[in-house]
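K.L.:
mmCIF, C-alpha atoms and all ligand atoms, saved as coords_6.cif, coming up:
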```
data_final
loop_
_atom_site.label_atom_id
_atom_site.label_comp_id
_atom_site.auth_asym_id
_atom_site.auth_seq_id
_atom_site.Cartn_x
_atom_site.Cartn_y
_atom_site.Cartn_z
CA MET A 1 212.73 108.85 6.28
CA PRO A 2 214.61 105.50 6.02
CA LYS A 3 216.82 104.77 9.00
CA LYS A 4 219.90 102.73 9.79
CA ILE A 5 218.84 100.25 12.43
CA LEU A 6 220.55 97.56 14.52
CA VAL A 7 218.30 94.68 15.55
CA THR A 8 219.61 92.08 17.98
CA GLY A 9 217.90 88.69 18.21
CA ALA A 10 217.67 88.80 14.40
CA ALA A 11 217.17 85.03 14.06
CA GLY A 12 214.48 85.07 16.75
CA PHE A 13 210.73 85.29 16.29
CA ILE A 14 210.13 88.99 16.90
CA GLY A 15 213.50 90.12 15.51
CA PHE A 16 213.01 88.26 12.23
CA SER A 17 209.45 89.55 11.84
CA LEU A 18 210.47 93.12 12.61
CA ILE A 19 213.45 93.06 10.23
CA GLY A 20 211.25 91.81 7.39
CA ALA A 21 208.92 94.77 7.90
CA LEU A 22 211.75 97.32 8.24
CA LEU A 23 213.37 96.13 5.02
CA LYS A 24 210.07 96.37 3.18
CA ARG A 25 209.62 99.98 4.26
CA GLY A 26 213.16 100.87 3.10
CA ASP A 27 215.29 100.91 6.25
CA GLN A 28 218.88 99.72 6.28
CA VAL A 29 219.21 96.91 8.83
CA LEU A 30 222.07 95.12 10.53
CA GLY A 31 220.94 92.05 12.46
CA ILE A 32 222.93 90.17 15.06
CA ASP A 33 222.21 86.89 16.80
CA ASN A 34 224.28 84.10 18.33
CA ILE A 35 221.85 81.47 16.91
CA ASN A 36 221.90 79.52 20.16
CA ASP A 37 220.19 76.15 20.54
CA TYR A 38 217.69 77.05 23.28
CA TYR A 39 215.15 75.90 20.69
CA ASP A 40 215.30 74.37 17.21
CA VAL A 41 218.24 75.98 15.37
CA ASP A 42 216.68 74.87 12.06
CA LEU A 43 213.84 77.30 12.67
CA LYS A 44 216.29 80.16 13.36
CA ASN A 45 218.18 79.28 10.18
CA ALA A 46 214.94 79.07 8.21
CA ARG A 47 214.00 82.57 9.38
CA LEU A 48 217.43 83.87 8.32
CA ALA A 49 217.13 82.12 4.95
CA ASN A 50 213.69 83.63 4.45
CA LEU A 51 215.35 87.07 4.52
CA GLY A 52 218.10 86.00 2.13
CA ILE A 53 220.84 85.09 4.62
CA ASN A 54 222.34 81.75 3.62
CA PRO A 55 222.90 79.77 6.86
CA ALA A 56 225.71 77.77 5.22
CA GLN A 57 227.71 80.98 4.78
CA ILE A 58 227.40 82.24 8.34
CA HIS A 59 230.66 82.49 10.30
CA TRP A 60 231.15 84.07 13.72
CA HIS A 61 231.78 87.82 13.52
CA GLN A 62 231.74 87.86 9.69
CA PRO A 63 229.14 90.19 8.13
CA ILE A 64 227.01 88.40 5.54
CA LYS A 65 224.85 90.20 2.99
CA SER A 66 221.30 89.18 2.24
CA GLN A 67 220.75 87.76 -1.23
CA LEU A 68 217.21 89.12 -1.25
CA TYR A 69 217.52 92.49 0.46
CA PRO A 70 220.65 94.56 -0.37
CA ALA A 71 219.91 96.70 2.71
CA TYR A 72 220.23 93.74 5.10
CA THR A 73 223.44 92.46 6.69
CA PHE A 74 223.66 89.78 9.36
CA ILE A 75 226.47 89.03 11.83
CA ARG A 76 226.60 86.03 14.13
CA MET A 77 227.81 87.29 17.49
CA ASN A 78 227.04 87.27 21.20
CA LEU A 79 225.69 90.39 22.84
CA GLU A 80 228.35 89.84 25.48
CA ASP A 81 231.17 90.22 22.93
CA GLN A 82 231.74 93.75 24.18
CA GLU A 83 234.65 94.90 22.05
CA PRO A 84 233.38 93.77 18.64
CA LEU A 85 229.94 95.12 19.56
CA ASN A 86 231.41 98.50 20.52
CA ASP A 87 233.46 98.63 17.31
CA LEU A 88 230.42 97.75 15.22
CA CYS A 89 228.15 100.35 16.81
CA ILE A 90 230.78 103.12 16.74
CA LYS A 91 231.59 102.38 13.09
CA GLU A 92 228.02 102.02 11.84
CA GLN A 93 226.46 104.94 13.76
CA PHE A 94 222.97 103.45 13.84
CA ASP A 95 220.03 105.83 14.15
CA VAL A 96 218.23 103.30 16.31
CA MET A 97 219.37 100.21 18.22
CA ILE A 98 216.70 97.61 19.05
CA ASN A 99 217.65 94.91 21.54
CA LEU A 100 215.47 91.83 21.24
CA ALA A 101 218.20 89.25 21.93
CA ALA A 102 217.67 87.60 25.28
CA GLN A 103 217.23 84.29 27.01
CA PRO A 104 213.43 84.08 27.05
CA GLY A 105 211.08 81.66 28.80
CA VAL A 106 209.67 81.69 32.31
CA ARG A 107 209.81 77.96 32.95
CA TYR A 108 213.34 77.43 31.64
CA SER A 109 214.59 80.09 34.06
CA ILE A 110 213.68 77.89 37.03
CA ASN A 111 216.37 75.33 36.12
CA HIS A 112 218.81 77.42 34.07
CA PRO A 113 219.27 80.67 35.99
CA HIS A 114 222.79 81.34 34.72
CA ALA A 115 221.65 81.52 31.09
CA TYR A 116 219.54 84.54 32.12
CA ALA A 117 222.36 86.26 33.99
CA GLN A 118 224.58 85.78 30.93
CA ALA A 119 222.32 87.01 28.13
CA ASN A 120 219.87 89.27 29.95
CA LEU A 121 222.18 90.96 32.44
CA LEU A 122 225.72 90.76 31.03
CA GLY A 123 224.51 90.89 27.42
CA PHE A 124 222.17 93.78 28.19
CA LEU A 125 224.93 95.73 29.90
CA SER A 126 227.12 95.13 26.88
CA ILE A 127 224.58 96.54 24.41
CA LEU A 128 223.91 99.51 26.70
CA GLU A 129 227.64 100.23 26.80
CA ALA A 130 227.82 100.02 23.01
CA ALA A 131 224.85 102.42 22.79
CA ARG A 132 226.63 104.83 25.14
CA LEU A 133 229.92 104.75 23.24
CA ALA A 134 228.18 105.15 19.88
CA LYS A 135 225.94 107.93 21.31
CA VAL A 136 222.89 106.35 19.70
CA GLY A 137 219.82 108.53 19.27
CA HIS A 138 217.29 105.90 20.36
CA PHE A 139 217.68 102.60 22.20
CA ILE A 140 214.64 100.31 22.22
CA TYR A 141 214.59 97.03 24.15
CA ALA A 142 212.33 94.12 24.97
CA SER A 143 210.91 93.83 28.45
CA SER A 144 208.03 91.52 29.29
CA SER A 145 204.55 91.28 30.80
CA SER A 146 206.11 88.86 33.28
CA VAL A 147 207.41 91.85 35.28
CA TYR A 148 203.86 92.25 36.63
CA GLY A 149 204.46 89.13 38.74
CA MET A 150 202.25 89.12 41.81
CA ASN A 151 200.26 92.19 40.76
CA GLU A 152 196.53 91.49 41.04
CA LYS A 153 195.11 94.70 39.60
CA VAL A 154 194.12 94.30 35.95
CA PRO A 155 194.60 95.51 33.35
CA PHE A 156 198.32 95.79 34.06
CA SER A 157 199.42 99.40 33.77
CA VAL A 158 202.91 100.79 33.30
CA THR A 159 202.10 103.17 36.14
CA ASP A 160 201.75 100.19 38.56
CA PRO A 161 204.77 99.27 40.69
CA VAL A 162 206.38 95.99 39.56
CA ASP A 163 208.45 94.80 42.48
CA HIS A 164 207.28 91.19 42.90
CA PRO A 165 208.57 89.04 40.00
CA LEU A 166 207.64 85.35 40.03
CA SER A 167 210.64 84.13 38.06
CA LEU A 168 214.28 85.01 37.50
CA TYR A 169 213.38 85.72 33.86
CA ALA A 170 210.97 88.43 35.03
CA ALA A 171 213.56 89.75 37.48
CA THR A 172 216.12 90.14 34.66
CA LYS A 173 213.57 92.01 32.52
CA LYS A 174 212.80 94.37 35.39
CA ALA A 175 216.56 94.75 35.90
CA ASN A 176 216.87 95.75 32.24
CA GLU A 177 214.38 98.56 32.79
CA LEU A 178 216.37 99.81 35.79
CA MET A 179 219.69 99.52 33.92
CA ALA A 180 218.22 101.45 30.98
CA HIS A 181 217.01 104.16 33.33
CA SER A 182 220.48 104.64 34.78
CA TYR A 183 221.95 105.02 31.27
CA SER A 184 219.22 107.46 30.23
CA HIS A 185 219.90 109.49 33.36
CA LEU A 186 223.69 109.39 33.31
CA TYR A 187 224.35 109.67 29.58
CA GLY A 188 221.14 111.12 28.14
CA ILE A 189 220.50 108.06 25.91
CA PRO A 190 216.80 107.96 25.00
CA THR A 191 215.63 104.45 26.01
CA THR A 192 212.25 102.87 25.38
CA GLY A 193 211.34 99.57 27.06
CA LEU A 194 208.54 97.47 25.61
CA ARG A 195 206.65 94.99 27.76
CA PHE A 196 205.50 92.37 25.26
CA PHE A 197 202.43 90.27 26.03
CA THR A 198 202.42 86.63 24.74
CA VAL A 199 203.34 87.27 21.13
CA TYR A 200 202.17 84.61 18.65
CA GLY A 201 201.93 84.09 14.92
CA PRO A 202 203.73 82.61 11.89
CA TRP A 203 207.41 81.80 12.51
CA GLY A 204 206.64 81.76 16.25
CA ARG A 205 208.59 80.26 19.11
CA PRO A 206 208.42 76.47 19.54
CA ASP A 207 209.02 76.69 23.31
CA MET A 208 205.80 78.66 23.87
CA ALA A 209 202.62 76.90 24.99
CA TYR A 210 200.55 77.70 21.87
CA TYR A 211 203.22 76.18 19.61
CA LEU A 212 203.70 73.12 21.84
CA PHE A 213 199.92 72.66 21.80
CA ALA A 214 199.81 72.87 18.01
CA GLU A 215 202.59 70.28 17.67
CA ALA A 216 200.94 67.88 20.12
CA ILE A 217 197.45 68.26 18.64
CA ARG A 218 198.82 67.64 15.14
CA ALA A 219 200.67 64.52 16.34
CA GLY A 220 197.65 63.21 18.30
CA LYS A 221 199.54 63.58 21.58
CA THR A 222 198.17 64.80 24.90
CA ILE A 223 198.67 68.45 25.79
CA LYS A 224 199.44 69.56 29.33
CA VAL A 225 197.02 72.27 30.40
CA PHE A 226 198.23 73.98 33.56
CA ASN A 227 196.08 75.50 36.31
CA HIS A 228 193.29 73.26 34.92
CA GLY A 229 192.93 75.68 32.01
CA GLN A 230 191.96 78.56 34.32
CA MET A 231 194.31 81.07 32.73
CA LYS A 232 193.94 84.09 30.53
CA ARG A 233 196.52 85.56 28.22
CA ASP A 234 196.59 88.85 26.38
CA PHE A 235 197.74 87.08 23.20
CA THR A 236 199.20 89.63 20.78
CA TYR A 237 199.57 88.90 17.10
CA ILE A 238 203.05 89.44 15.69
CA ASP A 239 201.98 91.94 12.99
CA ASP A 240 200.41 94.17 15.67
CA ILE A 241 203.65 94.05 17.66
CA VAL A 242 205.71 94.92 14.59
CA ARG A 243 203.43 97.86 13.72
CA GLY A 244 203.80 99.13 17.28
CA ILE A 245 207.61 98.94 17.18
CA GLU A 246 207.67 100.67 13.77
CA ALA A 247 205.73 103.58 15.24
CA ILE A 248 207.93 103.76 18.35
CA ILE A 249 211.10 103.89 16.24
CA GLU A 250 209.99 107.29 14.99
CA LYS A 251 209.76 108.91 18.43
CA PRO A 252 212.67 108.64 20.89
CA ALA A 253 211.79 108.89 24.57
CA GLN A 254 211.65 112.42 25.97
CA PRO A 255 212.26 113.60 29.54
CA LEU A 256 208.94 114.18 31.34
CA PRO A 257 207.75 115.24 34.79
CA VAL A 258 207.59 112.07 36.89
CA THR A 259 204.85 112.85 39.34
CA THR A 260 201.19 112.06 38.83
CA GLY A 261 199.45 113.61 41.83
CA SER A 262 201.55 112.59 44.80
CA SER A 263 203.04 109.38 43.41
CA LEU A 264 206.01 108.75 41.14
CA ASP A 265 205.14 107.31 37.73
CA PRO A 266 207.52 104.35 37.14
CA SER A 267 207.03 104.45 33.36
CA ARG A 268 208.64 107.86 32.77
CA SER A 269 211.42 110.03 34.08
CA THR A 270 213.10 113.39 34.01
CA ALA A 271 215.67 111.38 32.02
CA PRO A 272 214.70 110.40 28.41
CA TYR A 273 213.21 107.09 29.49
CA ARG A 274 209.86 105.44 28.75
CA ILE A 275 208.21 102.10 29.36
CA TYR A 276 205.18 100.90 27.37
CA ASN A 277 202.93 97.88 27.43
CA ILE A 278 202.57 96.45 23.96
CA GLY A 279 199.73 93.95 24.12
CA ASN A 280 196.31 93.36 22.70
CA ASN A 281 194.17 94.63 25.59
CA ARG A 282 191.79 91.66 25.15
CA PRO A 283 192.68 88.75 27.45
CA VAL A 284 191.58 85.38 26.04
CA PRO A 285 190.80 82.32 28.19
CA LEU A 286 193.39 79.63 27.46
CA MET A 287 190.64 77.13 26.63
CA ASP A 288 189.29 79.46 23.92
CA PHE A 289 192.74 79.66 22.38
CA ILE A 290 193.02 75.86 22.41
CA ARG A 291 189.58 75.68 20.77
CA GLU A 292 190.79 77.93 17.94
CA LEU A 293 193.80 75.66 17.46
CA GLU A 294 191.51 72.61 17.32
CA ILE A 295 189.27 74.26 14.73
CA ASN A 296 192.17 75.27 12.51
CA LEU A 297 194.04 71.99 12.86
CA GLY A 298 190.83 70.02 12.34
CA THR A 299 191.50 67.76 15.36
CA ASN A 300 190.32 67.72 18.94
CA ALA A 301 192.98 68.09 21.60
CA GLN A 302 193.57 65.39 24.18
CA MET A 303 194.15 67.27 27.41
CA GLU A 304 195.76 66.50 30.73
CA PHE A 305 194.79 69.08 33.34
CA LEU A 306 197.53 69.93 35.81
CA GLU A 307 198.26 72.30 38.69
CA MET A 308 199.68 75.77 38.17
CA GLN A 309 203.39 75.81 37.31
CA PRO A 310 205.86 77.78 39.43
CA GLY A 311 206.71 81.17 37.88
CA ASP A 312 203.50 81.45 35.80
CA LEU A 313 200.91 84.24 35.97
CA GLU A 314 197.20 83.30 36.00
CA GLU A 315 196.18 86.24 33.89
CA THR A 316 197.86 88.86 31.75
CA TRP A 317 196.03 91.89 30.44
CA ALA A 318 197.76 94.94 29.00
CA ASP A 319 196.58 98.47 29.55
CA ILE A 320 197.85 99.96 26.29
CA SER A 321 196.43 103.46 26.72
CA GLU A 322 199.84 105.23 26.62
CA LEU A 323 200.72 103.58 23.32
CA ALA A 324 197.25 104.25 21.93
CA VAL A 325 197.32 107.96 22.84
CA GLU A 326 200.94 108.70 21.95
CA PHE A 327 201.38 106.47 18.88
CA GLY A 328 197.87 105.66 17.70
CA TYR A 329 198.57 101.99 18.50
CA SER A 330 195.50 99.90 17.85
CA PRO A 331 196.04 96.14 17.59
CA ASP A 332 193.31 94.75 15.37
CA THR A 333 194.02 91.04 14.91
CA ASP A 334 191.55 88.93 16.84
CA ILE A 335 192.34 85.45 18.02
CA GLY A 336 190.30 83.83 15.22
CA GLN A 337 192.30 85.55 12.46
CA GLY A 338 195.62 85.24 14.31
CA VAL A 339 195.40 81.54 15.05
CA ALA A 340 194.28 80.83 11.47
CA GLN A 341 197.39 82.64 10.17
CA PHE A 342 199.63 80.83 12.63
CA VAL A 343 198.24 77.38 11.82
CA GLU A 344 198.44 77.98 8.07
CA TRP A 345 202.18 78.72 8.42
CA PHE A 346 202.69 75.97 11.02
CA LYS A 347 201.32 73.25 8.75
CA ILE A 348 203.53 74.29 5.85
CA TYR A 349 206.64 74.71 8.00
CA SER A 350 206.15 71.43 9.86
CA SER A 351 205.73 69.48 6.61
CA ALA A 352 208.72 71.17 4.94
CA LYS A 353 210.93 71.22 8.05
CA LYS A 354 213.35 68.55 6.96
CA SER A 355 214.28 70.42 3.80
CA TYR A 356 215.75 73.41 5.71
N1 LIG B 401 207.59 86.22 22.25
C1 LIG B 401 206.99 86.67 23.34
O1 LIG B 401 205.81 86.37 23.60
C2 LIG B 401 207.71 87.61 24.29
C3 LIG B 401 207.01 88.06 25.42
C4 LIG B 401 207.65 88.91 26.30
C5 LIG B 401 208.96 89.31 26.05
N2 LIG B 401 209.61 88.85 24.96
C6 LIG B 401 211.00 89.29 24.75
O2 LIG B 401 211.12 89.74 23.42
C7 LIG B 401 212.43 89.45 22.92
C8 LIG B 401 212.34 88.66 21.63
O3 LIG B 401 211.61 87.47 21.91
P1 LIG B 401 211.40 86.33 20.84
O4 LIG B 401 210.08 85.72 21.14
O5 LIG B 401 211.70 86.82 19.49
O6 LIG B 401 212.53 85.31 21.34
P2 LIG B 401 213.54 84.39 20.47
O7 LIG B 401 214.17 83.45 21.43
O8 LIG B 401 212.83 83.82 19.30
O9 LIG B 401 214.61 85.45 19.96
C9 LIG B 401 215.72 85.84 20.71
C10 LIG B 401 216.96 85.64 19.87
O10 LIG B 401 218.06 86.15 20.60
C11 LIG B 401 219.19 85.31 20.38
N3 LIG B 401 220.07 85.44 21.53
C12 LIG B 401 219.84 85.00 22.79
N4 LIG B 401 220.87 85.31 23.60
C13 LIG B 401 221.76 85.98 22.82
C14 LIG B 401 223.02 86.57 23.08
N5 LIG B 401 223.55 86.52 24.29
N6 LIG B 401 223.67 87.19 22.07
C15 LIG B 401 223.14 87.23 20.82
N7 LIG B 401 221.92 86.68 20.52
C16 LIG B 401 221.26 86.07 21.51
C17 LIG B 401 218.63 83.91 20.23
O11 LIG B 401 219.46 83.07 19.46
C18 LIG B 401 217.28 84.19 19.55
O12 LIG B 401 217.36 84.00 18.16
C19 LIG B 401 213.17 88.74 24.05
O13 LIG B 401 213.90 89.70 24.76
C20 LIG B 401 212.04 88.20 24.91
O14 LIG B 401 212.46 88.05 26.26
C21 LIG B 401 209.02 88.01 24.08
#
```
Reformat the file's structure so that it appears as structure tokens.
Ligand SMILES: NC(=O)c1ccc[n+]([C@@H]2O[C@H](COP(=O)([O-])OP(=O)(O)OC[C@H]3O[C@@H](n4cnc5c(N)ncnc54)[C@H](O)[C@@H]3O)[C@@H](O)[C@H]2O)c1

P.N.:
Amino acid sequence: MPKKILVTGAAGFIGFSLIGALLKRGDQVLGIDNINDYYDVDLKNARLANLGINPAQIHWHQPIKSQLYPAYTFIRMNLEDQEPLNDLCIKEQFDVMINLAAQPGVRYSINHPHAYAQANLLGFLSILEAARLAKVGHFIYASSSSVYGMNEKVPFSVTDPVDHPLSLYAATKKANELMAHSYSHLYGIPTTGLRFFTVYGPWGRPDMAYYLFAEAIRAGKTIKVFNHGQMKRDFTYIDDIVRGIEAIIEKPAQPLPVTTGSSLDPSRSTAPYRIYNIGNNRPVPLMDFIRELEINLGTNAQMEFLEMQPGDLEETWADISELAVEFGYSPDTDIGQGVAQFVEWFKIYSSAKKSY
């Protein structure tokens, strides 16, 4: 049955991609985003325009209707704008609220810690409060594979403790999970946290390594390859992520027994609270990913090999068994197909960029 859904981070990579899919399946969507300039605002505006929101007509706190999808409305606002957010959520009575707005990026968090406290802690508290006041039936939010920090056991499982973050970004994402748990416990709000693993694809994020690599390779510039290329990532194609979220929307978190044998399972609770990994379950060596970019861009990369960067993980690998068993989640885009799709979009977007 079609639902009324709030999506924050609507001008962002995952938010935009998700909203497109929700509109196509018949949901009614309200998107919010502050359209900040952490990365190219033109790309955020181009994503909005692609869903029929005219960037020239966007004004703070003014709802704007999509010219392509009658069921889509966008509002430019900050998550931290508590009162307008409360009013909006109480008035609209969303079936589901999906919080994707955040300050992302591991490396940026080293030099800009306050941006993370603002969006990921204060902003997250604000959306939780709005969810509480509106008594929403399901609150879904983005966490991150970065919470696995110093963990060495792979694949990373949601039943593993995650108490050793390597960056403030990761610490704020772990904090979000704890904050969500307290709201699920105190107010009975079903919350589902999703640990995304290196999401890539068309309309992707220009601050992420794969996008920076594509830009540099295209321009004949040298790419910086950290840890001498000895890294693996569980790259997850955007369509697989969107399909996973669509399935999760249908099933709010339920209270469950928390003990598995003698230990507490951190991914569930006697409160309606769940955590899932949403990855690909097939870690790819970074050099293989670069090779796919070279093939699709038709140019060899010039590489400068450097030491590991502070805050980075050497390997990410998602154990997705909970999502597979409970939701039939089965990501099926391999790196060959995924990179080809990304590069096809990237070439068109990069050439047309100036016209947006
Ligand atoms: N893309 C990935 O690989 C990945 C991996 C792990 C986790 N995540 C998480 O998934 C979520 C979505 O990621 P994305 O890749 O789409 O990022 P994105 O940066 O493209 O999208 C986030 C959007 O949120 C908006 N935003 C930021 N702070 C805001 C605020 N205070 N109020 C209102 N809007 C605000 C930004 O303008 C941006 O458009 C984020 O929470 C991110 O931390 C993403």

K.L.:
Within 7 Å of Ser145 of chain A, counting all atoms listed in the file, which residues show up once you throw out same-chain ones fewer than 5 positions away? Write them as an mmCIF file with C-alpha atoms, in the frame of the given file, please.

P.N.:
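Written out: selection_30.cif:
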```
data_model
loop_
_atom_site.group_PDB
_atom_site.id
_atom_site.type_symbol
_atom_site.label_atom_id
_atom_site.label_comp_id
_atom_site.auth_asym_id
_atom_site.auth_seq_id
_atom_site.Cartn_x
_atom_site.Cartn_y
_atom_site.Cartn_z
ATOM 1 C CA ARG A 195 206.650 94.990 27.760
ATOM 2 C CA PHE A 196 205.500 92.370 25.260
ATOM 3 C CA PHE A 197 202.430 90.270 26.030
#
```

K.L.:
Can you tell me which residues come within 6 Å of ligand LIG 401 (chain B) when counting all atoms listed in the file, ideally as a PyMOL selection string?

P.N.:
chain A and resi 9+11-15+33-36+77-80+100-104+119+123+142-145+196-199+205

K.L.:
My list of candidates is A:Arg47, A:Lys251, A:Arg243, A:Lys65. Which is closest to Pro331 of chain A when distances are computed with all atoms listed in the file?

P.N.:
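Closest to Pro331 of chain A, using all atoms listed in the file: A:Arg243.
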
K.L.:
Using only C-alpha atoms, which residues sit within 8 Å of Gly311 of chain A once same-chain residues fewer than 4 positions away are excluded, as a CSV table (one decimal) with C-alpha atoms, in the frame of the given file?

P.N.:
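See selection_19.csv below for the written result:
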```csv
chain,number,residue,atom,x,y,z
A,106,VAL,CA,209.7,81.7,32.3
A,107,ARG,CA,209.8,78.0,33.0
A,110,ILE,CA,213.7,77.9,37.0
A,166,LEU,CA,207.6,85.4,40.0
A,167,SER,CA,210.6,84.1,38.1
```

K.L.:
Please identify every residue of segment 201-228 of chain A that has at least one atom no farther than 9 Å from an atom of segment 277-292 of chain A, counting only C-alpha atoms, and for each give the shortest atom pair and the distance in Å to one decimal, arranged by chain then increasing number, as a Markdown table.

P.N.:
```
| residue | atom | partner | partner_atom | distance |
| --- | --- | --- | --- | --- |
| A:Tyr210 | CA | A:Ile290 | CA | 7.8 |
| A:Phe213 | CA | A:Ile290 | CA | 7.6 |
| A:Ala214 | CA | A:Ile290 | CA | 8.6 |
| A:Val225 | CA | A:Leu286 | CA | 8.7 |
```

K.L.:
At what distance in Å, to one decimal, does atom CA of Asn45 of chain A lie from atom CA of Ser146 of chain A?

P.N.:
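Atom CA of Asn45 of chain A lies 27.8 Å from atom CA of Ser146 of chain A.
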
K.L.:
Using all atoms listed in the file, which residue out of A:Leu306, A:Pro161, A:Leu293, A:Tyr183 lies closest to Asn227 of chain A?

P.N.:
A:Leu306

K.L.:
Provide the atom CA of Pro257 of chain A to atom CA of His138 of chain A distance in Å, to one decimal place.

P.N.:
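These two atoms are separated by 19.7 Å.
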
K.L.:
At a cut-off of 10 Å, can you tabulate as CSV every residue of segment 238-322 of chain A near segment 92-98 of chain A together with its closest atom pair and the distance in Å to one decimal, using all atoms listed in the file and ordering rows by chain then number?

P.N.:
```
residue,atom,partner,partner_atom,distance
A:Ile245,CA,A:Ile98,CA,9.4
A:Ile249,CA,A:Val96,CA,7.2
A:Glu250,CA,A:Val96,CA,9.2
A:Pro252,CA,A:Val96,CA,9.0
```

K.L.:
With all atoms listed in the file as the basis for distance, which of A:Gln28, A:Gln62, A:Asn120, A:Ser184 is at the shortest distance from Lys4 of chain A?

P.N.:
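The closest residue to Lys4 of chain A is A:Gln28.
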
K.L.:
Give the answer as one residue: which of A:Pro155, A:Tyr273, A:Phe139, A:Thr172 has the shortest atom-to-atom distance to Leu122 of chain A, using all atoms listed in the file?

P.N.:
A:Thr172

K.L.:
Given the choices A:Gln82, A:Asn151, A:Asn296, A:Thr333, which gets closest to Trp317 of chain A if the distance is worked out from all atoms listed in the file?

P.N.:
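That would be A:Asn151, the residue with the smallest distance to Trp317 of chain A.
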
K.L.:
Starting from the point (200.6, 104.6, 19.7), work out which residues of protein, DNA or RNA have an atom no more than 10 Å away when counting all atoms listed in the file; state them as a PDB file with C-alpha atoms, in the frame of the given file.

P.N.:
```pdb
ATOM      1  CA  ARG A 243     203.430  97.860  13.720  1.00  0.00           C
ATOM      2  CA  GLY A 244     203.800  99.130  17.280  1.00  0.00           C
ATOM      3  CA  ILE A 245     207.610  98.940  17.180  1.00  0.00           C
ATOM      4  CA  ALA A 247     205.730 103.580  15.240  1.00  0.00           C
ATOM      5  CA  ILE A 248     207.930 103.760  18.350  1.00  0.00           C
ATOM      6  CA  TYR A 276     205.180 100.900  27.370  1.00  0.00           C
ATOM      7  CA  ILE A 278     202.570  96.450  23.960  1.00  0.00           C
ATOM      8  CA  ILE A 320     197.850  99.960  26.290  1.00  0.00           C
ATOM      9  CA  SER A 321     196.430 103.460  26.720  1.00  0.00           C
ATOM     10  CA  GLU A 322     199.840 105.230  26.620  1.00  0.00           C
ATOM     11  CA  LEU A 323     200.720 103.580  23.320  1.00  0.00           C
ATOM     12  CA  ALA A 324     197.250 104.250  21.930  1.00  0.00           C
ATOM     13  CA  VAL A 325     197.320 107.960  22.840  1.00  0.00           C
ATOM     14  CA  GLU A 326     200.940 108.700  21.950  1.00  0.00           C
ATOM     15  CA  PHE A 327     201.380 106.470  18.880  1.00  0.00           C
ATOM     16  CA  GLY A 328     197.870 105.660  17.700  1.00  0.00           C
ATOM     17  CA  TYR A 329     198.570 101.990  18.500  1.00  0.00           C
ATOM     18  CA  SER A 330     195.500  99.900  17.850  1.00  0.00           C
ATOM     19  CA  PRO A 331     196.040  96.140  17.590  1.00  0.00           C
TER      20      PRO A 331
END
```

K.L.:
Let me make sure I understand: among A:His59, A:His181, A:Lys353, A:His228, which one has the smallest atom-to-atom distance to Lys44 of chain A if we use all atoms listed in the file?

P.N.:
A:Lys353
